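Each remark here refers to the structure printed beneath this line.
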Amino acid sequence: MFLHTRLKVRDLERSIAFYTQHFHMVCRDRKSSPRGSQLAFMTMPGTPTELELAYLPWDPDFQLPEDIFHLAFRVEDMETAIAGMRVAGVKVTEEPSGRRDGGQMAFIEDPDGYEIELLSFAPGDYEALQKELAAIR
């Protein structure tokens, strides 16, 4: 079972606030590793997968390789989500556009520059995807 993905962050509190505000994630646990990393484990209620946010005091000004990966989150209403993020000062890097299946996608950046894909689905498509994934399990 896939458990978590780790992102290195420059400001742990800022990143916790970002993922809580925009994606309704909950900080399940916080700890320090034996080598001094400050860690926060973020989860979305109802899912087993977590996002581990890690502040490494010995590397506070790290550089992100361009376009190495991205996270993807489902949003119910793309226009509402993007409008709220703009008000909060979130950088929108690709405006919402239609997908062939009737949904939409857009891209934003988190406070550390990680790319995040936002996806909305046409009515019934998300539920169909969930059924497909459940059949694989």
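Lettering and numbering for the structure tokens are positional, with chains as A, B, ... in the shown order, residues counted from 1 in each chain, and ligands counted from 1 in the shown order.
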Do a neighbour search on A:His22 at 9 Å with only C-alpha atoms, toss out local chain neighbours closer than 5 positions, and write the hits as a list in words. Ala17, Ala81, Gly84 and Met85 of chain A
So that I can see what lies close to A:Val90, please list as a ChimeraX atom specification the residues with an atom at most 10 Å from it, counting only C-alpha atoms and leaving out residues fewer than 5 positions away in the same chain. /A:18,22,82-85,108-111
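With distances restricted to only C-alpha atoms, A:Pro57 is the closest residue to A:Asp11 from A:Glu117, A:Gly36, A:Ile136, A:Pro57.
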Those of stretch 36-93 of chain A in DSSP helix (DSSP H, G or I), formatted as a count of residues only: 10
I'd like the contact shell of A:Leu71 - 12 Å cut-off, only C-alpha atoms, skipping same-chain residues fewer than 6 positions apart - returned as a ChimeraX atom specification. /A:4-7,19,23,50-51,106-110,113-119
Writing out the chosen residues with C-alpha atoms as a short mmCIF file (atom, residue, chain, number, x, y, z; two decimals), in the first residue's frame:
```
data_model
loop_
_atom_site.label_atom_id
_atom_site.label_comp_id
_atom_site.auth_asym_id
_atom_site.auth_seq_id
_atom_site.Cartn_x
_atom_site.Cartn_y
_atom_site.Cartn_z
CA HIS A 4 2.97 8.90 1.74
CA THR A 5 4.92 11.36 -0.36
CA ARG A 6 7.48 13.67 1.19
CA LEU A 7 7.94 17.29 0.19
CA TYR A 19 -2.62 22.51 2.50
CA PHE A 23 -7.24 21.23 0.27
CA GLU A 50 -0.53 11.21 3.50
CA LEU A 51 1.62 14.13 2.48
CA ALA A 106 -5.62 23.97 -13.97
CA PHE A 107 -2.21 24.28 -12.33
CA ILE A 108 -1.07 26.27 -9.30
CA GLU A 109 2.07 26.40 -7.14
CA ASP A 110 2.33 25.78 -3.44
CA GLY A 113 7.02 26.21 -5.88
CA TYR A 114 5.73 22.63 -6.13
CA GLU A 115 3.33 22.25 -9.03
CA ILE A 116 -0.22 21.21 -8.15
CA GLU A 117 -2.76 20.06 -10.72
CA LEU A 118 -6.38 20.81 -9.95
CA LEU A 119 -8.97 18.52 -11.57
#
```
Quick one: residues within 12 Å of A:Leu3, only C-alpha atoms, excluding same-chain residues fewer than 3 positions away - as an MDAnalysis selection string? chainID A and resid 6 41:43 47:52
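Pairwise distance (atom CA of A:Gly89, atom CA of A:Arg28) equals 25.8 Å.
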Run DSSP on the backbone and give me the residues of chain A it puts in strand (DSSP E or B), as a compact mmCIF listing (two decimals) with C-alpha atoms, in the first residue's frame.
```txt
# COMPACT_ATOMS: atom_id res chain seq x y z
CA HIS A 4 2.97 8.90 1.74
CA THR A 5 4.92 11.36 -0.36
CA ARG A 6 7.48 13.67 1.19
CA LEU A 7 7.94 17.29 0.19
CA LYS A 8 10.81 19.39 1.45
CA VAL A 9 9.51 22.81 2.56
CA VAL A 26 -5.52 17.78 8.49
CA CYS A 27 -2.19 17.62 10.28
CA ARG A 28 -2.35 14.12 11.79
CA ASP A 29 1.05 14.14 13.47
CA ARG A 30 4.15 16.26 13.97
CA LYS A 31 7.57 15.07 15.04
CA SER A 32 11.28 15.58 14.71
CA GLN A 38 10.82 18.80 11.46
CA LEU A 39 7.97 16.73 10.03
CA ALA A 40 4.23 17.20 9.62
CA PHE A 41 2.00 14.41 8.30
CA MET A 42 -0.98 15.81 6.42
CA THR A 43 -3.97 13.66 5.54
CA GLU A 50 -0.53 11.21 3.50
CA LEU A 51 1.62 14.13 2.48
CA GLU A 52 4.73 14.41 4.66
CA LEU A 53 6.01 17.98 4.88
CA ALA A 54 9.65 18.13 5.94
CA TYR A 55 11.65 21.15 7.03
CA HIS A 70 3.37 17.34 -9.39
CA LEU A 71 0.56 16.58 -6.99
CA ALA A 72 -3.03 16.39 -8.21
CA PHE A 73 -6.14 17.25 -6.22
CA ARG A 74 -9.82 17.03 -7.09
CA VAL A 92 -1.96 30.18 -10.85
CA THR A 93 0.48 28.87 -13.46
CA GLU A 94 -2.04 27.47 -15.95
CA GLU A 95 -5.58 28.77 -16.22
CA PRO A 96 -8.51 26.33 -16.14
CA SER A 97 -9.11 24.53 -19.41
CA GLY A 98 -11.57 21.90 -20.53
CA GLN A 104 -11.46 20.89 -16.19
CA MET A 105 -7.84 21.15 -15.15
CA ALA A 106 -5.62 23.97 -13.97
CA PHE A 107 -2.21 24.28 -12.33
CA ILE A 108 -1.07 26.27 -9.30
CA GLU A 109 2.07 26.40 -7.14
CA GLU A 115 3.33 22.25 -9.03
CA ILE A 116 -0.22 21.21 -8.15
CA GLU A 117 -2.76 20.06 -10.72
CA LEU A 118 -6.38 20.81 -9.95
CA LEU A 119 -8.97 18.52 -11.57
CA SER A 120 -12.72 18.80 -11.72
```
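With only C-alpha atoms taken into account, the protein and nucleic acid residues at most 7 Å from A:Arg10 (excluding it and anything under 4 positions from it in its own chain) are A:Tyr55, A:Pro60, A:Asp61, A:Asp112.
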Residue with smallest distance to A:Arg100 - pool A:Phe121, A:Met25, A:Pro34, A:Arg86, counting only C-alpha atoms: A:Phe121
